[in-house]
$ cat protein24.csv   # CSV, C-alpha atoms and all ligand atoms
chain,number,residue,atom,x,y,z
A,1,CYS,CA,38.1,-76.5,74.3
A,2,GLN,CA,40.1,-77.9,71.4
A,3,THR,CA,38.9,-78.6,67.9
A,4,GLY,CA,40.8,-79.4,64.8
A,5,GLU,CA,40.8,-80.6,61.2
A,6,VAL,CA,43.4,-82.3,59.2
A,7,ALA,CA,43.4,-83.5,55.5
A,8,ALA,CA,43.3,-87.2,54.6
A,9,ASP,CA,45.3,-87.5,51.4
A,10,PRO,CA,44.6,-90.6,49.3
A,11,GLN,CA,47.5,-92.8,48.2
A,12,LEU,CA,47.5,-94.8,44.9
A,13,TYR,CA,44.0,-96.4,44.4
A,14,ASP,CA,42.9,-95.0,47.8
A,15,GLN,CA,44.9,-97.9,49.3
A,16,SER,CA,45.4,-95.7,52.4
A,17,TYR,CA,44.9,-92.1,53.4
A,18,LEU,CA,47.7,-90.1,55.1
A,19,SER,CA,47.5,-87.0,57.3
A,20,PRO,CA,50.2,-84.6,58.6
A,21,VAL,CA,51.0,-84.9,62.3
A,22,THR,CA,53.6,-82.8,64.2
A,23,ILE,CA,55.5,-85.0,66.7
A,24,GLY,CA,58.2,-83.3,68.7
A,25,ASN,CA,59.7,-80.9,66.1
A,26,SER,CA,59.1,-83.0,63.0
A,27,GLU,CA,56.0,-83.3,60.7
A,28,LEU,CA,55.3,-86.8,59.7
A,29,MET,CA,52.6,-88.3,57.4
A,30,LEU,CA,50.6,-90.9,59.4
A,31,ASP,CA,47.9,-93.4,58.4
A,32,PHE,CA,45.0,-92.7,60.8
A,33,ASP,CA,43.7,-96.1,61.7
A,34,THR,CA,40.4,-96.7,63.6
A,35,GLY,CA,41.2,-100.4,63.6
A,36,SER,CA,44.2,-100.2,65.9
A,37,ALA,CA,45.3,-98.2,68.9
A,38,ASP,CA,49.0,-97.6,68.6
A,39,LEU,CA,50.6,-94.3,67.5
A,40,TRP,CA,53.9,-95.5,66.0
A,41,CYS,CA,56.4,-93.9,63.6
A,42,PHE,CA,59.6,-94.6,61.8
A,43,SER,CA,62.4,-93.2,63.9
A,44,THR,CA,66.1,-92.4,64.0
A,45,GLU,CA,66.3,-95.7,65.9
A,46,SER,CA,64.9,-97.7,62.9
A,47,PRO,CA,67.5,-99.6,60.8
A,48,ALA,CA,68.4,-97.5,57.7
A,49,ALA,CA,67.5,-100.5,55.5
A,50,GLN,CA,64.0,-100.4,56.8
A,51,SER,CA,63.4,-96.7,57.1
A,52,ALA,CA,64.9,-95.5,53.7
A,53,GLY,CA,62.5,-92.9,52.2
A,54,HIS,CA,60.5,-92.4,55.3
A,55,GLY,CA,60.2,-89.4,57.6
A,56,LEU,CA,61.7,-90.1,60.9
A,57,TYR,CA,60.8,-89.2,64.5
A,58,ASN,CA,63.8,-88.2,66.5
A,59,PRO,CA,63.1,-89.2,70.2
A,60,SER,CA,65.6,-86.6,71.5
A,61,THR,CA,62.6,-84.2,71.9
A,62,GLY,CA,60.8,-86.8,74.0
A,63,THR,CA,61.1,-88.4,77.4
A,64,GLU,CA,61.7,-92.2,77.2
A,65,LEU,CA,59.1,-94.3,79.0
A,66,ASP,CA,61.6,-96.5,80.8
A,67,GLY,CA,61.1,-100.3,80.3
A,68,ALA,CA,58.1,-99.7,77.9
A,69,PHE,CA,58.1,-101.5,74.6
A,70,TRP,CA,55.5,-102.3,71.9
A,71,ASP,CA,55.0,-105.0,69.3
A,72,ILE,CA,52.0,-105.0,66.9
A,73,THR,CA,50.8,-107.4,64.2
A,74,TYR,CA,47.9,-106.3,61.9
A,75,GLY,CA,45.3,-108.4,60.2
A,76,ASP,CA,47.4,-108.7,57.1
A,77,GLN,CA,50.3,-110.1,59.2
A,78,SER,CA,52.4,-106.9,58.8
A,79,ALA,CA,54.1,-105.9,62.0
A,80,ALA,CA,56.2,-103.4,63.8
A,81,SER,CA,57.8,-103.0,67.2
A,82,GLY,CA,60.0,-100.6,69.3
A,83,ASN,CA,60.2,-98.5,72.4
A,84,VAL,CA,58.2,-95.5,73.7
A,85,PHE,CA,58.6,-91.8,74.4
A,86,ALA,CA,56.3,-89.2,75.8
A,87,ASP,CA,56.3,-86.2,73.4
A,88,LYS,CA,54.1,-83.4,72.0
A,89,VAL,CA,51.8,-84.4,69.2
A,90,VAL,CA,49.7,-81.9,67.3
A,91,VAL,CA,46.9,-82.9,64.8
A,92,GLY,CA,45.1,-80.1,63.0
A,93,GLY,CA,45.8,-77.8,65.9
A,94,VAL,CA,44.7,-80.2,68.6
A,95,THR,CA,47.6,-80.7,71.0
A,96,ALA,CA,48.5,-83.6,73.2
A,97,THR,CA,51.4,-82.4,75.3
A,98,LYS,CA,52.6,-85.8,76.6
A,99,GLN,CA,51.4,-88.4,74.1
A,100,ALA,CA,52.9,-91.9,74.0
A,101,VAL,CA,54.8,-92.0,70.8
A,102,GLU,CA,56.0,-95.5,69.8
A,103,ALA,CA,59.3,-95.3,68.0
A,104,ALA,CA,59.9,-98.2,65.6
A,105,THR,CA,63.1,-100.2,66.0
A,106,SER,CA,61.8,-102.9,63.6
A,107,VAL,CA,59.1,-102.9,60.9
A,108,SER,CA,58.0,-105.6,58.3
A,109,TYR,CA,58.6,-105.0,54.6
A,110,GLU,CA,54.9,-103.9,54.0
A,111,PHE,CA,55.7,-100.7,56.0
A,112,THR,CA,59.2,-100.3,54.5
A,113,GLU,CA,57.6,-100.4,51.0
A,114,ASP,CA,54.8,-98.0,51.8
A,115,VAL,CA,57.2,-95.1,51.4
A,116,ALA,CA,54.6,-92.4,51.7
A,117,SER,CA,53.6,-93.5,55.2
A,118,ASP,CA,55.8,-92.6,58.2
A,119,GLY,CA,53.6,-94.6,60.6
A,120,LEU,CA,50.2,-95.1,62.0
A,121,LEU,CA,47.9,-93.1,64.4
A,122,GLY,CA,45.6,-95.6,66.1
A,123,LEU,CA,42.0,-94.4,66.8
A,124,ALA,CA,40.5,-97.7,68.1
A,125,PHE,CA,40.0,-98.1,71.9
A,126,SER,CA,43.1,-97.8,74.2
A,127,SER,CA,42.2,-101.3,75.6
A,128,ILE,CA,44.1,-102.8,72.6
A,129,ASN,CA,47.2,-100.6,72.7
A,130,THR,CA,50.1,-103.0,72.6
A,131,ILE,CA,52.5,-101.1,74.9
A,132,LEU,CA,53.8,-103.3,77.8
A,133,PRO,CA,54.0,-103.5,80.7
A,134,GLN,CA,51.5,-100.7,80.9
A,135,PRO,CA,49.2,-99.9,77.8
A,136,GLN,CA,49.0,-96.1,77.0
A,137,THR,CA,46.2,-94.0,75.6
A,138,THR,CA,45.5,-93.3,71.9
A,139,PHE,CA,45.8,-89.7,70.7
A,140,PHE,CA,42.0,-89.3,70.8
A,141,ASP,CA,41.8,-90.7,74.4
A,142,THR,CA,44.7,-88.4,75.5
A,143,VAL,CA,43.0,-85.2,74.2
A,144,ARG,CA,39.4,-86.4,74.7
A,145,ASN,CA,38.6,-84.4,77.8
A,146,SER,CA,40.1,-81.2,76.3
A,147,LEU,CA,37.9,-81.4,73.1
A,148,ALA,CA,34.8,-79.3,72.7
A,149,LYS,CA,33.0,-82.6,72.2
A,150,ALA,CA,34.5,-86.1,72.6
A,151,VAL,CA,34.1,-87.1,69.0
A,152,PHE,CA,36.1,-87.4,65.8
A,153,THR,CA,34.8,-87.6,62.3
A,154,VAL,CA,35.9,-89.4,59.1
A,155,ASP,CA,35.2,-87.9,55.7
A,156,LEU,CA,37.2,-90.0,53.2
A,157,LYS,CA,36.7,-89.5,49.4
A,158,LYS,CA,37.3,-91.6,46.3
A,159,GLY,CA,40.5,-90.3,44.7
A,160,ALA,CA,40.4,-86.9,46.5
A,161,ALA,CA,41.5,-85.5,49.7
A,162,GLY,CA,39.0,-85.9,52.6
A,163,SER,CA,39.4,-84.9,56.2
A,164,TYR,CA,39.4,-86.0,59.8
A,165,THR,CA,38.0,-83.6,62.5
A,166,PHE,CA,38.5,-83.7,66.2
A,167,GLY,CA,36.0,-82.2,68.7
A,168,TYR,CA,33.2,-81.3,66.4
A,169,ILE,CA,30.8,-82.4,63.7
A,170,ASP,CA,30.7,-80.4,60.4
A,171,SER,CA,27.2,-80.3,59.1
A,172,SER,CA,28.4,-79.0,55.7
A,173,LYS,CA,30.1,-82.4,55.1
A,174,TYR,CA,27.0,-84.6,54.9
A,175,SER,CA,23.4,-84.6,53.7
A,176,GLY,CA,20.3,-85.8,55.6
A,177,ALA,CA,20.4,-87.0,59.2
A,178,ILE,CA,23.1,-88.8,60.9
A,179,THR,CA,22.0,-92.3,61.9
A,180,TYR,CA,23.6,-93.5,65.1
A,181,VAL,CA,24.1,-97.1,66.2
A,182,PRO,CA,25.6,-98.5,69.5
A,183,VAL,CA,29.2,-99.7,69.6
A,184,ASN,CA,30.4,-102.8,71.4
A,185,THR,CA,33.9,-102.1,72.7
A,186,ALA,CA,34.6,-105.6,74.0
A,187,ASN,CA,37.2,-106.3,71.3
A,188,GLY,CA,38.6,-102.7,71.4
A,189,PHE,CA,37.2,-101.8,67.9
A,190,TRP,CA,34.4,-99.5,66.8
A,191,GLN,CA,32.2,-102.5,66.4
A,192,PHE,CA,28.5,-102.3,65.4
A,193,THR,CA,25.8,-104.5,63.7
A,194,ALA,CA,24.9,-104.1,60.1
A,195,ASP,CA,21.3,-105.0,59.4
A,196,GLY,CA,21.5,-106.3,55.8
A,197,TYR,CA,22.9,-105.9,52.4
A,198,SER,CA,21.6,-105.7,48.8
A,199,ALA,CA,22.9,-105.0,45.3
A,200,GLY,CA,21.8,-102.7,42.6
A,201,GLY,CA,18.5,-100.8,42.5
A,202,SER,CA,16.5,-103.8,43.6
A,203,ASP,CA,16.1,-104.5,47.3
A,204,SER,CA,16.9,-108.1,46.5
A,205,SER,CA,18.8,-108.8,49.7
A,206,THR,CA,22.2,-110.4,49.3
A,207,GLY,CA,22.1,-111.5,52.9
A,208,ARG,CA,21.4,-110.7,56.5
A,209,GLY,CA,23.6,-108.4,58.4
A,210,GLY,CA,26.1,-109.1,61.1
A,211,VAL,CA,28.9,-107.8,63.3
A,212,ALA,CA,31.2,-105.3,61.7
A,213,ILE,CA,34.0,-102.9,62.6
A,214,ALA,CA,34.6,-99.4,61.1
A,215,ASP,CA,38.3,-99.5,60.0
A,216,THR,CA,40.0,-96.6,58.2
A,217,GLY,CA,43.2,-98.6,58.1
A,218,THR,CA,41.8,-101.3,55.9
A,219,SER,CA,41.4,-100.4,52.2
A,220,LEU,CA,38.5,-102.7,51.2
A,221,LEU,CA,35.0,-103.9,52.4
A,222,TYR,CA,35.1,-107.4,53.8
A,223,LEU,CA,31.7,-109.0,54.1
A,224,PRO,CA,30.2,-112.5,54.8
A,225,ALA,CA,31.3,-114.9,52.1
A,226,SER,CA,27.6,-115.5,51.1
A,227,VAL,CA,27.1,-111.7,50.6
A,228,ALA,CA,30.3,-111.3,48.5
A,229,LYS,CA,29.4,-114.4,46.4
A,230,ALA,CA,25.9,-113.1,45.8
A,231,TYR,CA,27.2,-109.7,44.8
A,232,TYR,CA,29.7,-110.9,42.3
A,233,SER,CA,27.3,-113.5,40.8
A,234,GLY,CA,25.7,-110.4,39.1
A,235,ILE,CA,28.9,-109.3,37.4
A,236,GLN,CA,29.9,-110.8,34.0
A,237,GLY,CA,33.4,-112.1,34.2
A,238,ALA,CA,33.7,-111.9,37.9
A,239,THR,CA,35.5,-114.8,39.5
A,240,PHE,CA,37.0,-115.9,42.8
A,241,ASP,CA,40.7,-116.1,42.0
A,242,PHE,CA,42.4,-118.0,44.9
A,243,ARG,CA,45.8,-117.1,43.5
A,244,GLN,CA,45.1,-113.4,43.7
A,245,GLY,CA,43.5,-114.0,47.1
A,246,GLY,CA,40.0,-112.9,46.3
A,247,TYR,CA,37.3,-111.8,43.8
A,248,THR,CA,38.5,-110.2,40.5
A,249,ILE,CA,36.4,-108.6,37.8
A,250,PRO,CA,37.1,-107.2,34.3
A,251,CYS,CA,38.4,-103.6,34.7
A,252,SER,CA,35.8,-102.8,32.0
A,253,ALA,CA,32.9,-103.9,34.2
A,254,THR,CA,30.5,-101.5,35.8
A,255,PRO,CA,29.6,-103.3,39.1
A,256,PRO,CA,26.1,-102.7,40.6
A,257,ASP,CA,25.8,-100.3,43.5
A,258,PHE,CA,26.0,-102.0,46.9
A,259,ASN,CA,23.5,-101.1,49.7
A,260,VAL,CA,24.1,-101.5,53.4
A,261,ALA,CA,21.3,-101.1,55.9
A,262,ILE,CA,22.6,-99.7,59.3
A,263,GLY,CA,20.3,-98.5,62.0
A,264,GLY,CA,17.3,-98.7,59.7
A,265,LYS,CA,18.8,-96.5,57.1
A,266,THR,CA,20.3,-97.6,53.7
A,267,PHE,CA,23.8,-96.3,52.7
A,268,THR,CA,24.9,-96.9,49.1
A,269,VAL,CA,28.5,-97.6,47.9
A,270,PRO,CA,28.6,-96.7,44.2
A,271,GLY,CA,29.5,-99.7,42.0
A,272,SER,CA,32.5,-97.8,40.6
A,273,TYR,CA,34.1,-98.0,44.1
A,274,ILE,CA,34.0,-101.8,43.9
A,275,ASN,CA,36.0,-101.8,40.6
A,276,TYR,CA,39.0,-101.2,42.9
A,277,ALA,CA,42.3,-101.5,41.1
A,278,PRO,CA,44.1,-103.4,38.3
A,279,LEU,CA,45.9,-106.5,39.7
A,280,ARG,CA,49.1,-104.9,38.3
A,281,ALA,CA,49.7,-101.7,36.4
A,282,GLY,CA,48.1,-102.1,32.9
A,283,SER,CA,46.3,-105.3,33.7
A,284,SER,CA,42.7,-105.5,32.4
A,285,THR,CA,41.7,-107.6,35.4
A,286,CYS,CA,40.8,-105.7,38.5
A,287,PHE,CA,40.6,-106.6,42.2
A,288,GLY,CA,37.2,-106.3,43.7
A,289,GLY,CA,36.5,-103.7,46.4
A,290,ILE,CA,34.2,-106.2,48.2
A,291,GLN,CA,35.9,-109.4,49.5
A,292,ALA,CA,34.9,-112.2,51.8
A,293,ASP,CA,35.5,-111.8,55.6
A,294,THR,CA,36.2,-115.5,55.9
A,295,GLY,CA,38.4,-116.3,58.9
A,296,ILE,CA,38.3,-112.8,60.4
A,297,GLY,CA,35.3,-113.4,62.7
A,298,PHE,CA,33.5,-110.1,61.8
A,299,SER,CA,33.0,-107.9,58.7
A,300,ILE,CA,35.4,-105.0,58.1
A,301,PHE,CA,34.0,-101.7,56.8
A,302,GLY,CA,37.2,-100.3,55.4
A,303,ASP,CA,37.8,-97.3,53.1
A,304,VAL,CA,35.7,-98.7,50.2
A,305,PHE,CA,32.6,-98.2,52.4
A,306,LEU,CA,33.8,-95.2,54.5
A,307,LYS,CA,34.5,-93.1,51.4
A,308,ALA,CA,30.8,-93.3,50.6
A,309,VAL,CA,29.6,-91.9,53.9
A,310,TYR,CA,30.3,-89.3,56.6
A,311,ALA,CA,31.2,-91.2,59.8
A,312,VAL,CA,31.1,-89.9,63.4
A,313,PHE,CA,33.1,-91.7,66.0
A,314,ASP,CA,31.3,-90.5,69.2
A,315,ASP,CA,32.6,-91.2,72.7
A,316,SER,CA,30.8,-88.2,74.2
A,317,GLY,CA,27.9,-90.1,75.9
A,318,SER,CA,27.5,-92.8,78.4
A,319,SER,CA,28.7,-95.3,75.9
A,320,PRO,CA,30.4,-95.0,72.5
A,321,ARG,CA,28.3,-94.9,69.3
A,322,LEU,CA,28.9,-94.6,65.6
A,323,GLY,CA,27.0,-92.2,63.3
A,324,PHE,CA,26.7,-92.5,59.5
A,325,ALA,CA,25.3,-90.0,57.0
A,326,ALA,CA,25.3,-89.8,53.3
A,327,GLN,CA,28.1,-87.6,51.9
B,401,LIG,C1,51.0,-102.5,56.0
B,401,LIG,N1,50.1,-101.4,56.4
B,401,LIG,C2,50.4,-100.1,55.9
B,401,LIG,C3,48.9,-101.6,57.2
B,401,LIG,C4,48.2,-100.6,57.7
B,401,LIG,C5,47.1,-100.8,58.5
B,401,LIG,C6,46.6,-102.1,58.7
B,401,LIG,C7,45.4,-102.4,59.4
B,401,LIG,O1,44.9,-103.6,59.5
B,401,LIG,N2,44.7,-101.4,60.0
B,401,LIG,N3,43.5,-101.6,60.6
B,401,LIG,C8,47.4,-103.2,58.1
B,401,LIG,C9,48.5,-102.9,57.4

$ encode --input "protein24.csv" --output "structure tokens"
Amino acid sequence: CQTGEVAADPQLYDQSYLSPVTIGNSELMLDFDTGSADLWCFSTESPAAQSAGHGLYNPSTGTELDGAFWDITYGDQSAASGNVFADKVVVGGVTATKQAVEAATSVSYEFTEDVASDGLLGLAFSSINTILPQPQTTFFDTVRNSLAKAVFTVDLKKGAAGSYTFGYIDSSKYSGAITYVPVNTANGFWQFTADGYSAGGSDSSTGRGGVAIADTGTSLLYLPASVAKAYYSGIQGATFDFRQGGYTIPCSATPPDFNVAIGGKTFTVPGSYINYAPLRAGSSTCFGGIQADTGIGFSIFGDVFLKAVYAVFDDSGSSPRLGFAAQ
């Protein structure tokens, strides 16, 4: 029965969180992503112009999956593609002896520029793994039956190292009870229903809830346009800046806390988490941590929300469920 824990190191402005993973005989820093289901990394096969500054996987330690290839495009239109090897992958002591490792032969500039990240480790459902002609399992699905309990947990923090655990829940990491809600796996995501939203101390609802996914690979909190609009209407100097692609606020603002009702419990995102980051270094205008989910089709509970809670991704029962507790 395997269990393990690995650090989640925040990058600048908590834009992403990176964790050490041993693949073959190299240790790489990967972006654990509950919103996708591919484990891919820069490799010795990647063009030097694209992989400069990144740790590389050398497939010589693996066994090529003949004829298998992968090609993924993320919500922000970033993309990567390549071929596939079976190799040993170790995360916090949890070992997958023959994990499908997707070696990149091409990546878009967003990944080239994200020099701290050597790739992604997908933790969504294997049904959306992009390997063809035969999709392969995520790391979690590969090791699931060998774990003490088929769960992983997410404990991200603002501006500090958090952790991911596999195979157990650590009761020292949260306060109060864990509230569980059912997950709909039809789209391959950890998808659930949020009950409602409100801002500040008042319970003045900013809107009814809706369908949402828990996505560690997305930095911000994307909510229905009406909720985002109502939230920023309470902040002096807040505006929707279409040239910046979303709501901005004065960096001097102290946004109100944001409350989310899930499973009958209320979880609070401190207002300071929503004063996300200056548009450019030194700017006095900041990008908002809450943005509209227009065009996506569901809300995305990214790191701005997840770093306010302890989250349990539980596939140990008859159907998957998500648990949330206050940190
Ligand atoms: C460009 N990079 C680092 C990305 C990383 C993750 C994602 C994503 O949508 N994950 N759910 C998009 C882009």

$ residues_around --input "protein24.csv" --residues "Phe139 of chain A" --least-positions-apart "5" --cutoff "8 Å" --atoms "only C-alpha atoms" --output "PyMOL selection string"
chain A and resi 39+96+99+121-123

$ residues_near_ligand --input "protein24.csv" --ligand "ligand LIG 401 (chain B)" --cutoff "6 Å" --atoms "all atoms listed in the file" --output "VMD selection string"
chain A and resid 33 35 to 36 74 to 76 78 110 to 111 215 217 to 218

$ residues_around --input "protein24.csv" --residues "segment 192-201 of chain A" --least-positions-apart "5" --cutoff "6 Å" --atoms "all atoms listed in the file" --output "PyMOL selection string"
chain A and resi 183+206-212+256-262

$ atom_distance --input "protein24.csv" --atom1 "atom CA of Ala37 of chain A" --atom2 "atom CA of Val94 of chain A"
18.0 Å

$ closest_residue --input "protein24.csv" --among "A:Tyr174, A:Phe301, A:Tyr13, A:Tyr57" --to "Leu28 of chain A" --atoms "all atoms listed in the file"
A:Tyr57

$ residues_near_point --input "protein24.csv" --point "(24.4, -85.0, 59.9)" --cutoff "12 Å" --atoms "all atoms listed in the file" --output "count of residues only"
24

$ atom_distance --input "protein24.csv" --atom1 "atom CA of Ala100 of chain A" --atom2 "atom CA of Gly317 of chain A"
25.1 Å

$ residues_around --input "protein24.csv" --residues "Pro59 of chain A" --least-positions-apart "6" --cutoff "8 Å" --atoms "only C-alpha atoms" --output "tab-separated table (two decimals) with C-alpha atoms, in the frame of the given file"
chain	number	residue	atom	x	y	z
A	24	GLY	CA	58.20	-83.30	68.70
A	43	SER	CA	62.40	-93.20	63.90
A	44	THR	CA	66.10	-92.40	64.00
A	85	PHE	CA	58.60	-91.80	74.40
A	103	ALA	CA	59.30	-95.30	68.00

$ closest_residue --input "protein24.csv" --among "A:Ala161, A:Leu220, A:Leu322, A:Ala79" --to "Pro182 of chain A" --atoms "all atoms listed in the file"
A:Leu322

$ atom_distance --input "protein24.csv" --atom1 "atom CA of Lys229 of chain A" --atom2 "atom CA of Ser284 of chain A"
21.3 Å
